[in-house]
$ cat protein_26.tsv   # TSV, C-alpha atoms and all ligand atoms
chain	number	residue	atom	x	y	z
S	68	THR	CA	4.72	28.50	-87.52
S	69	ALA	CA	8.32	29.67	-87.10
S	70	PRO	CA	10.53	29.54	-90.20
S	71	SER	CA	12.78	26.47	-90.25
S	72	TYR	CA	16.25	25.90	-91.66
S	73	LEU	CA	18.45	22.92	-92.39
S	74	VAL	CA	22.18	23.63	-92.65
S	75	GLY	CA	25.40	21.65	-92.29
S	76	LEU	CA	29.17	21.63	-92.08
S	77	ILE	CA	31.38	19.65	-94.46
S	78	GLY	CA	34.99	18.98	-93.48
S	79	ALA	CA	37.38	16.50	-91.91
S	80	GLY	CA	37.17	15.92	-88.17
S	81	VAL	CA	34.26	18.33	-87.70
S	82	GLY	CA	32.52	16.20	-85.05
S	83	PRO	CA	33.65	18.33	-82.08
S	84	SER	CA	33.06	21.67	-83.89
S	85	LEU	CA	31.34	24.35	-81.80
S	86	THR	CA	29.69	25.88	-84.89
S	87	PRO	CA	26.57	23.60	-84.80
S	88	PRO	CA	25.59	24.45	-81.21
S	89	MET	CA	26.30	28.15	-81.82
S	90	HIS	CA	23.86	28.22	-84.77
S	91	GLU	CA	21.20	26.07	-83.13
S	92	ARG	CA	21.20	28.04	-79.88
S	93	GLU	CA	21.03	31.38	-81.65
S	94	ALA	CA	18.13	30.14	-83.78
S	95	ALA	CA	16.25	28.88	-80.72
S	96	ALA	CA	16.90	32.13	-78.85
S	97	SER	CA	15.47	34.13	-81.76
S	98	GLY	CA	12.37	31.99	-82.28
S	99	ARG	CA	13.55	30.02	-85.32
S	100	ARG	CA	13.91	26.32	-85.93
S	101	LEU	CA	17.34	25.45	-87.27
S	102	ILE	CA	18.96	22.03	-87.53
S	103	TYR	CA	22.72	21.99	-88.07
S	104	ARG	CA	24.29	18.68	-89.14
S	105	THR	CA	27.99	17.84	-89.40
S	106	ILE	CA	29.08	15.91	-92.48
S	107	ASP	CA	32.48	14.55	-91.47
S	108	ILE	CA	34.36	13.27	-94.51
S	109	ALA	CA	37.01	11.63	-92.29
S	110	GLU	CA	34.38	9.65	-90.42
S	111	LEU	CA	32.66	8.78	-93.71
S	112	ASP	CA	36.06	7.73	-95.11
S	113	LEU	CA	35.63	10.06	-98.09
S	114	PRO	CA	38.42	11.99	-99.87
S	115	PRO	CA	38.43	15.83	-99.71
S	116	GLU	CA	37.32	15.96	-103.37
S	117	SER	CA	34.00	14.38	-102.38
S	118	VAL	CA	32.82	17.87	-101.41
S	119	ALA	CA	32.01	18.21	-105.13
S	120	ASP	CA	29.37	15.47	-104.73
S	121	LEU	CA	28.17	16.37	-101.25
S	122	VAL	CA	27.28	20.01	-102.02
S	123	PRO	CA	24.86	19.25	-104.90
S	124	ALA	CA	23.45	16.34	-102.88
S	125	ALA	CA	22.74	18.62	-99.90
S	126	ARG	CA	20.99	21.06	-102.18
S	127	ARG	CA	18.75	18.31	-103.56
S	128	LEU	CA	18.00	17.13	-100.03
S	129	GLY	CA	16.65	20.55	-99.14
S	130	PHE	CA	19.50	22.11	-97.16
S	131	ASN	CA	19.35	25.92	-97.02
S	132	GLY	CA	23.12	26.21	-96.94
S	133	LEU	CA	26.42	24.77	-95.77
S	134	ASN	CA	29.57	25.74	-94.01
S	135	ILE	CA	32.73	24.32	-95.55
S	136	THR	CA	35.95	23.81	-93.67
S	137	HIS	CA	39.38	22.20	-93.89
S	138	PRO	CA	40.33	20.59	-96.30
S	139	CYS	CA	37.49	21.55	-98.66
S	140	LYS	CA	37.39	25.37	-98.75
S	141	GLN	CA	39.11	25.53	-102.15
S	142	LEU	CA	37.96	22.19	-103.56
S	143	VAL	CA	34.35	23.39	-103.35
S	144	LEU	CA	34.90	26.29	-105.78
S	145	PRO	CA	34.26	24.38	-109.06
S	146	VAL	CA	30.76	23.18	-108.04
S	147	LEU	CA	29.43	26.62	-107.17
S	148	ASP	CA	27.29	28.77	-109.47
S	149	GLY	CA	28.67	32.04	-108.19
S	150	LEU	CA	31.02	33.65	-105.68
S	151	THR	CA	31.00	36.94	-103.83
S	152	SER	CA	33.85	39.18	-104.94
S	153	ASP	CA	35.51	38.76	-101.53
S	154	ALA	CA	35.38	34.96	-101.71
S	155	ALA	CA	36.77	35.10	-105.24
S	156	ALA	CA	39.64	37.37	-104.13
S	157	ILE	CA	40.45	35.16	-101.12
S	158	GLY	CA	40.14	32.03	-103.27
S	159	ALA	CA	38.28	30.10	-100.58
S	160	VAL	CA	34.68	29.57	-99.50
S	161	ASN	CA	33.49	28.73	-95.98
S	162	THR	CA	29.76	29.33	-96.55
S	163	VAL	CA	27.50	28.16	-99.37
S	164	VAL	CA	23.97	29.49	-99.67
S	165	PHE	CA	21.41	27.64	-101.79
S	166	ASP	CA	19.24	30.28	-103.31
S	167	GLY	CA	16.58	29.01	-105.68
S	168	GLY	CA	18.44	26.75	-108.06
S	169	SER	CA	21.91	28.10	-107.44
S	170	ALA	CA	24.75	27.60	-104.97
S	171	ILE	CA	26.58	30.81	-104.08
S	172	GLY	CA	29.92	30.82	-102.23
S	173	HIS	CA	30.76	33.33	-99.51
S	174	ASN	CA	33.69	33.80	-97.16
S	175	THR	CA	32.80	34.87	-93.62
S	176	ASP	CA	36.23	34.06	-92.15
S	177	TRP	CA	37.47	37.44	-93.34
S	178	SER	CA	34.42	39.39	-92.20
S	179	GLY	CA	34.52	37.49	-88.88
S	180	PHE	CA	38.13	38.44	-88.27
S	181	ALA	CA	37.53	42.07	-89.33
S	182	ARG	CA	34.64	42.38	-86.89
S	183	SER	CA	36.63	40.69	-84.13
S	184	LEU	CA	39.54	43.11	-84.60
S	185	GLU	CA	37.20	46.09	-84.64
S	186	ARG	CA	35.57	44.93	-81.43
S	187	GLY	CA	38.60	43.61	-79.56
S	188	LEU	CA	41.36	46.04	-80.58
S	189	PRO	CA	39.49	49.08	-81.89
S	190	HIS	CA	42.37	51.51	-81.39
S	191	ALA	CA	45.15	49.25	-82.62
S	192	ALA	CA	47.72	51.09	-84.76
S	193	ARG	CA	47.62	49.77	-88.31
S	194	GLU	CA	50.58	51.38	-90.04
S	195	ARG	CA	52.61	48.16	-90.27
S	196	VAL	CA	51.19	44.74	-89.39
S	197	VAL	CA	52.88	41.35	-89.66
S	198	LEU	CA	50.76	38.34	-90.59
S	199	LEU	CA	52.41	35.03	-89.71
S	200	GLY	CA	50.89	32.19	-91.76
S	201	ALA	CA	49.76	32.43	-95.38
S	202	GLY	CA	47.48	29.36	-95.49
S	203	GLY	CA	43.69	29.26	-95.52
S	204	ALA	CA	43.13	31.35	-92.40
S	205	GLY	CA	45.99	33.67	-93.39
S	206	ALA	CA	44.38	34.47	-96.75
S	207	ALA	CA	41.12	35.52	-95.09
S	208	VAL	CA	42.96	37.49	-92.39
S	209	ALA	CA	45.15	39.29	-94.95
S	210	HIS	CA	42.01	40.39	-96.76
S	211	ALA	CA	40.44	41.54	-93.48
S	212	LEU	CA	43.53	43.48	-92.38
S	213	LEU	CA	43.72	45.40	-95.66
S	214	ALA	CA	39.96	46.03	-95.59
S	215	SER	CA	40.54	47.37	-92.04
S	216	GLU	CA	42.98	49.93	-93.39
S	217	VAL	CA	46.32	48.39	-92.56
S	218	ARG	CA	48.81	50.44	-94.59
S	219	THR	CA	51.70	47.97	-94.86
S	220	LEU	CA	51.06	44.24	-94.50
S	221	VAL	CA	54.01	41.88	-94.17
S	222	VAL	CA	52.93	38.34	-95.11
S	223	ALA	CA	55.32	35.82	-93.57
S	224	ASP	CA	55.35	32.04	-93.85
S	225	LEU	CA	57.89	29.22	-93.55
S	226	ASP	CA	56.85	28.51	-97.14
S	227	THR	CA	58.15	31.69	-98.77
S	228	GLY	CA	56.47	30.83	-102.09
S	229	ARG	CA	53.10	30.79	-100.35
S	230	ALA	CA	53.85	34.12	-98.64
S	231	ALA	CA	54.82	35.68	-101.98
S	232	GLU	CA	51.73	34.37	-103.72
S	233	LEU	CA	49.36	35.68	-101.03
S	234	ALA	CA	51.09	39.08	-100.77
S	235	GLU	CA	50.83	39.47	-104.52
S	236	ARG	CA	47.17	38.44	-104.62
S	237	VAL	CA	45.93	40.69	-101.80
S	238	GLY	CA	48.12	43.51	-103.07
S	239	ARG	CA	46.25	43.39	-106.37
S	240	ARG	CA	42.91	43.55	-104.55
S	241	PHE	CA	44.00	46.49	-102.32
S	242	PRO	CA	46.26	48.60	-104.54
S	243	GLY	CA	46.37	51.47	-102.01
S	244	ALA	CA	48.28	49.34	-99.47
S	245	ARG	CA	51.80	47.90	-99.44
S	246	CYS	CA	52.12	44.12	-99.23
S	247	GLU	CA	55.52	42.60	-98.55
S	248	PRO	CA	56.26	38.87	-98.54
S	249	ALA	CA	58.74	37.49	-96.00
S	250	GLY	CA	60.17	34.27	-94.65
S	251	ALA	CA	59.64	33.26	-91.03
S	252	ASP	CA	63.18	32.38	-89.93
S	253	ASP	CA	64.04	35.78	-88.40
S	254	PRO	CA	61.13	36.94	-86.20
S	255	GLY	CA	63.27	39.73	-84.72
S	256	ARG	CA	63.73	41.39	-88.08
S	257	LEU	CA	60.13	40.66	-89.03
S	258	LEU	CA	58.74	42.47	-85.98
S	259	ALA	CA	61.11	45.45	-86.02
S	260	GLY	CA	58.92	48.52	-86.46
S	261	ALA	CA	55.64	46.55	-86.53
S	262	ASP	CA	52.51	47.87	-84.78
S	263	GLY	CA	50.81	44.50	-84.69
S	264	LEU	CA	51.28	40.77	-85.14
S	265	VAL	CA	48.52	38.43	-86.30
S	266	HIS	CA	49.29	34.76	-85.91
S	267	ALA	CA	47.58	32.38	-88.38
S	268	THR	CA	49.61	29.15	-88.29
S	269	PRO	CA	48.61	25.99	-86.38
S	270	VAL	CA	51.38	26.54	-83.78
S	271	GLY	CA	49.85	26.70	-80.31
S	272	MET	CA	47.07	24.21	-80.99
S	273	ALA	CA	46.97	21.13	-78.75
S	274	HIS	CA	48.70	18.97	-81.38
S	275	HIS	CA	51.16	21.76	-82.34
S	276	PRO	CA	52.31	23.05	-78.94
S	277	GLY	CA	54.73	25.94	-78.67
S	278	THR	CA	54.95	29.51	-79.87
S	279	PRO	CA	56.30	30.87	-83.15
S	280	VAL	CA	57.82	34.04	-81.64
S	281	PRO	CA	60.34	34.24	-78.77
S	282	ARG	CA	58.78	35.92	-75.75
S	283	GLU	CA	61.42	38.66	-75.51
S	284	LEU	CA	60.42	40.03	-78.94
S	285	LEU	CA	56.96	40.88	-77.65
S	286	ARG	CA	56.84	44.34	-76.10
S	287	PRO	CA	54.35	47.22	-76.16
S	288	PRO	CA	53.19	49.03	-78.17
S	289	LEU	CA	53.06	45.85	-80.29
S	290	TRP	CA	49.59	44.26	-80.22
S	291	VAL	CA	49.16	40.53	-80.81
S	292	ALA	CA	46.17	38.67	-82.26
S	293	ASP	CA	45.93	34.90	-82.55
S	294	VAL	CA	43.44	33.09	-84.80
S	295	VAL	CA	44.01	29.79	-82.98
S	296	TYR	CA	40.99	29.25	-80.73
S	297	ARG	CA	41.61	25.74	-79.39
S	298	PRO	CA	42.89	26.56	-76.85
S	299	LEU	CA	41.73	30.16	-76.55
S	300	ARG	CA	44.78	31.05	-74.46
S	301	THR	CA	47.82	30.11	-76.50
S	302	GLU	CA	51.39	30.33	-75.30
S	303	LEU	CA	51.85	33.28	-77.68
S	304	LEU	CA	48.98	35.21	-76.09
S	305	ASP	CA	50.12	34.35	-72.57
S	306	ASP	CA	53.62	35.60	-73.40
S	307	ALA	CA	52.30	38.76	-75.06
S	308	GLU	CA	49.97	39.54	-72.18
S	309	SER	CA	52.62	38.96	-69.53
S	310	ARG	CA	54.88	41.36	-71.40
S	311	GLY	CA	52.13	44.02	-71.41
S	312	CYS	CA	50.96	43.81	-75.03
S	313	ALA	CA	47.30	44.24	-75.97
S	314	THR	CA	45.97	40.89	-77.21
S	315	LEU	CA	43.05	39.35	-79.10
S	316	ASP	CA	42.23	35.63	-79.07
S	317	GLY	CA	40.69	33.61	-81.92
S	318	GLY	CA	37.33	33.09	-80.22
S	319	ALA	CA	35.53	36.14	-81.56
S	320	MET	CA	36.64	35.36	-85.12
S	321	ALA	CA	35.17	31.86	-84.76
S	322	VAL	CA	31.92	33.31	-83.39
S	323	PHE	CA	31.59	36.14	-85.89
S	324	GLN	CA	32.26	33.92	-88.92
S	325	ALA	CA	29.35	31.81	-87.63
S	326	ALA	CA	27.22	34.90	-87.01
S	327	ASP	CA	27.78	36.16	-90.56
S	328	ALA	CA	26.95	32.69	-91.94
S	329	PHE	CA	23.80	32.61	-89.77
S	330	GLN	CA	22.72	35.89	-91.32
S	331	LEU	CA	23.30	34.49	-94.82
S	332	PHE	CA	21.37	31.28	-94.06
S	333	THR	CA	18.38	32.93	-92.38
S	334	GLY	CA	18.32	36.38	-93.97
S	335	THR	CA	18.28	38.10	-90.59
S	336	PRO	CA	21.11	39.33	-88.36
S	337	PRO	CA	21.78	37.33	-85.20
S	338	ASP	CA	22.49	38.84	-81.80
S	339	ARG	CA	26.29	38.70	-82.01
S	340	ASP	CA	26.91	39.40	-78.33
S	341	ARG	CA	24.54	36.59	-77.39
S	342	MET	CA	26.39	34.23	-79.75
S	343	LEU	CA	29.69	35.24	-78.16
S	344	ALA	CA	28.27	34.57	-74.70
S	345	HIS	CA	26.96	31.15	-75.87
S	346	PHE	CA	30.39	30.29	-77.26
S	347	HIS	CA	32.07	31.03	-73.94
S	348	GLU	CA	29.58	28.74	-72.19
S	349	LEU	CA	30.29	25.81	-74.55
S	401	LIG	P1	46.98	26.00	-93.23
S	401	LIG	O1	47.63	24.67	-93.11
S	401	LIG	O2	46.13	26.30	-94.43
S	401	LIG	O3	48.10	27.14	-93.18
S	401	LIG	C1	49.07	27.24	-92.18
S	401	LIG	C2	50.28	28.00	-92.74
S	401	LIG	O4	51.19	28.24	-91.67
S	401	LIG	C3	51.05	27.23	-93.81
S	401	LIG	O5	51.23	28.07	-94.92
S	401	LIG	C4	52.39	26.89	-93.11
S	401	LIG	O6	53.47	26.90	-94.02
S	401	LIG	C5	52.52	28.02	-92.13
S	401	LIG	N1	53.34	27.73	-90.95
S	401	LIG	C6	53.30	26.64	-90.15
S	401	LIG	N2	54.17	26.79	-89.12
S	401	LIG	C7	54.74	28.01	-89.27
S	401	LIG	C8	55.70	28.75	-88.52
S	401	LIG	N3	56.24	28.25	-87.40
S	401	LIG	N4	56.05	29.98	-88.97
S	401	LIG	C9	55.51	30.48	-90.09
S	401	LIG	N5	54.60	29.83	-90.85
S	401	LIG	C10	54.23	28.61	-90.43
S	401	LIG	O7	46.15	26.19	-91.89
S	401	LIG	P2	44.89	27.16	-91.68
S	401	LIG	O8	43.67	26.49	-92.17
S	401	LIG	O9	45.23	28.49	-92.24
S	401	LIG	O10	44.77	27.20	-90.09
S	401	LIG	C11	45.71	27.89	-89.28
S	401	LIG	C12	45.13	28.08	-87.90
S	401	LIG	O11	44.02	28.96	-87.95
S	401	LIG	C13	44.59	26.80	-87.24
S	401	LIG	O12	44.98	26.80	-85.89
S	401	LIG	C14	43.09	26.96	-87.35
S	401	LIG	O13	42.40	26.30	-86.29
S	401	LIG	C15	42.95	28.45	-87.19
S	401	LIG	N6	41.68	29.00	-87.72
S	401	LIG	C16	40.92	29.75	-86.88
S	401	LIG	C17	39.73	30.29	-87.33
S	401	LIG	C18	38.87	31.10	-86.40
S	401	LIG	O14	37.71	31.34	-86.74
S	401	LIG	N7	39.37	31.57	-85.28
S	401	LIG	C19	39.33	30.10	-88.66
S	401	LIG	C20	40.14	29.33	-89.50
S	401	LIG	C21	41.32	28.78	-89.01

$ encode --input "protein_26.tsv" --output "structure tokens"
Amino acid sequence: TAPSYLVGLIGAGVGPSLTPPMHEREAAASGRRLIYRTIDIAELDLPPESVADLVPAARRLGFNGLNITHPCKQLVLPVLDGLTSDAAAIGAVNTVVFDGGSAIGHNTDWSGFARSLERGLPHAARERVVLLGAGGAGAAVAHALLASEVRTLVVADLDTGRAAELAERVGRRFPGARCEPAGADDPGRLLAGADGLVHATPVGMAHHPGTPVPRELLRPPLWVADVVYRPLRTELLDDAESRGCATLDGGAMAVFQAADAFQLFTGTPPDRDRMLAHFHEL
């Protein structure tokens, strides 16, 4: 019989997530049986800290692994038996693999973004890149950008303390690169001389409409990547594209973080192009 897997996603408001159908369809297409359950702490009326009880419970119930999302990616750290060095450096876990008796934390947000950038903007200049947003997604993206050989990374956030903390942390992990913290109140100065802009704040999502950068500041050869993927076409990307900039939406990051998690859960690589095609059908 085909190997079978039981995995899940812990987070708040995860009911509509596209990650479960992506995993289940890829498993079916590759001859595996995989059941992917959402464990929605908001629906269960549980506090974010309950991830510390849910992870060991899932292990006892025979889950092979879990994805972890907002607001639990950091709260899960204390109940894990080990972390990959990347997850430790990022300080957040989005994938837990139960291996024998132990729970090991991984971060596939960074590898998903790195792969998405490589695929979507393979020739993008990487001398100086501005990252807007130093939260959970920003930390993974900062790691990915430096691993993708960005020479100078400017980490900008409305919360300048958070920008400084992230710039310092990734700078320590990638000592060959320059990491500069910045505020977000002067996008013109921020983008002067930048090759690329990666947006990792919630601005542009349905409940945070708008764009963080005035349209007139977007001009080639600047390239623009957005990690927001609901909607896929944000106002920022529409503006950038209409001004002639190369762009990258957040869809491939969402797919490739799932693909890397799938590989960790099942031990075999998925067909990433097929997963991307599935995602665009959903
Ligand atoms: P978060 O709350 O952890 O961090 C957001 C950060 O943005 C905060 O530090 C905040 O101070 C800053 N910020 C908000 N508005 C700003 C502005 N106008 N200018 C500068 N900084 C501003 O959120 P998060 O978990 O990092 O999520 C951010 C976005 O990334 C969400 O839209 C989420 O859906 C998306 N995301 C996408 C993927 C993917 O796979 N494509 C993965 C994770 C998150």

$ residues_near_ligand --input "protein_26.tsv" --ligand "ligand LIG 401 (chain S)" --cutoff "9 Å" --atoms "all atoms listed in the file" --output "ChimeraX atom specification"
/S:136-138,176-177,179-180,199-207,223-227,229-230,250-252,266-272,275,278-280,293-297,316-325

$ axis_aligned_box --input "protein_26.tsv" --around "range 145-163 of chain S" --padding-each-side "4 Å" --output "AutoDock Vina command-line options"
--center_x 33.9 --center_y 31.2 --center_z -102.7 --size_x 21.2 --size_y 24.0 --size_z 21.5

$ closest_atom_pairs --input "protein_26.tsv" --of "range 126-183 of chain S" --to "range 97-120 of chain S" --cutoff "8 Å" --atoms "only C-alpha atoms" --output "CSV"
residue,atom,partner,partner_atom,distance
S:Pro138,CA,S:Pro115,CA,6.2
S:Cys139,CA,S:Pro115,CA,5.9
S:Leu142,CA,S:Glu116,CA,6.3
S:Val143,CA,S:Ala119,CA,6.0
S:Pro145,CA,S:Ala119,CA,7.7
S:Val146,CA,S:Ala119,CA,5.9

$ closest_residue --input "protein_26.tsv" --among "S:Arg282, S:Arg341, S:Arg300, S:Arg127" --to "Cys312 in chain S" --atoms "all atoms listed in the file"
S:Arg282

$ atom_distance --input "protein_26.tsv" --atom1 "CA of Cys246 in chain S" --atom2 "CA of Ala307 in chain S"
24.8 Å

$ closest_residue --input "protein_26.tsv" --among "S:Ala344, S:Val237, S:Leu289, S:Val196" --to "Asp153 in chain S" --atoms "only C-alpha atoms"
S:Val237

$ atom_distance --input "protein_26.tsv" --atom1 "CA of Ala259 in chain S" --atom2 "CA of Ala292 in chain S"
16.8 Å

$ atom_distance --input "protein_26.tsv" --atom1 "CA of Pro88 in chain S" --atom2 "CA of Glu302 in chain S"
27.1 Å

$ closest_residue --input "protein_26.tsv" --among "S:Arg310, S:His173, S:Arg218, S:His347" --to "Arg193 in chain S" --atoms "all atoms listed in the file"
S:Arg218

$ residues_around --input "protein_26.tsv" --residues "Ile171 in chain S" --least-positions-apart "3" --cutoff "6 Å" --atoms "only C-alpha atoms" --output "list in words"
Leu147, Asp148, Gly149, Leu150, Val163 and Val164 of chain S

$ write_last_selection --input "protein_26.tsv" --atoms "C-alpha atoms" --output "mmCIF file, keeping the file's coordinate frame"
data_model
loop_
_atom_site.group_PDB
_atom_site.id
_atom_site.type_symbol
_atom_site.label_atom_id
_atom_site.label_comp_id
_atom_site.auth_asym_id
_atom_site.auth_seq_id
_atom_site.Cartn_x
_atom_site.Cartn_y
_atom_site.Cartn_z
ATOM 1 C CA LEU S 147 29.430 26.620 -107.170
ATOM 2 C CA ASP S 148 27.290 28.770 -109.470
ATOM 3 C CA GLY S 149 28.670 32.040 -108.190
ATOM 4 C CA LEU S 150 31.020 33.650 -105.680
ATOM 5 C CA VAL S 163 27.500 28.160 -99.370
ATOM 6 C CA VAL S 164 23.970 29.490 -99.670
#

$ closest_residue --input "protein_26.tsv" --among "S:Ala192, S:Ser152, S:Ala328, S:Ser169" --to "Ile135 in chain S" --atoms "all atoms listed in the file"
S:Ala328

$ closest_residue --input "protein_26.tsv" --among "S:Ser84, S:Pro281, S:Pro276, S:Ala156" --to "Arg239 in chain S" --atoms "all atoms listed in the file"
S:Ala156

$ closest_residue --input "protein_26.tsv" --among "S:Gly129, S:Gly172, S:Pro298, S:Gly311" --to "Leu285 in chain S" --atoms "all atoms listed in the file"
S:Gly311
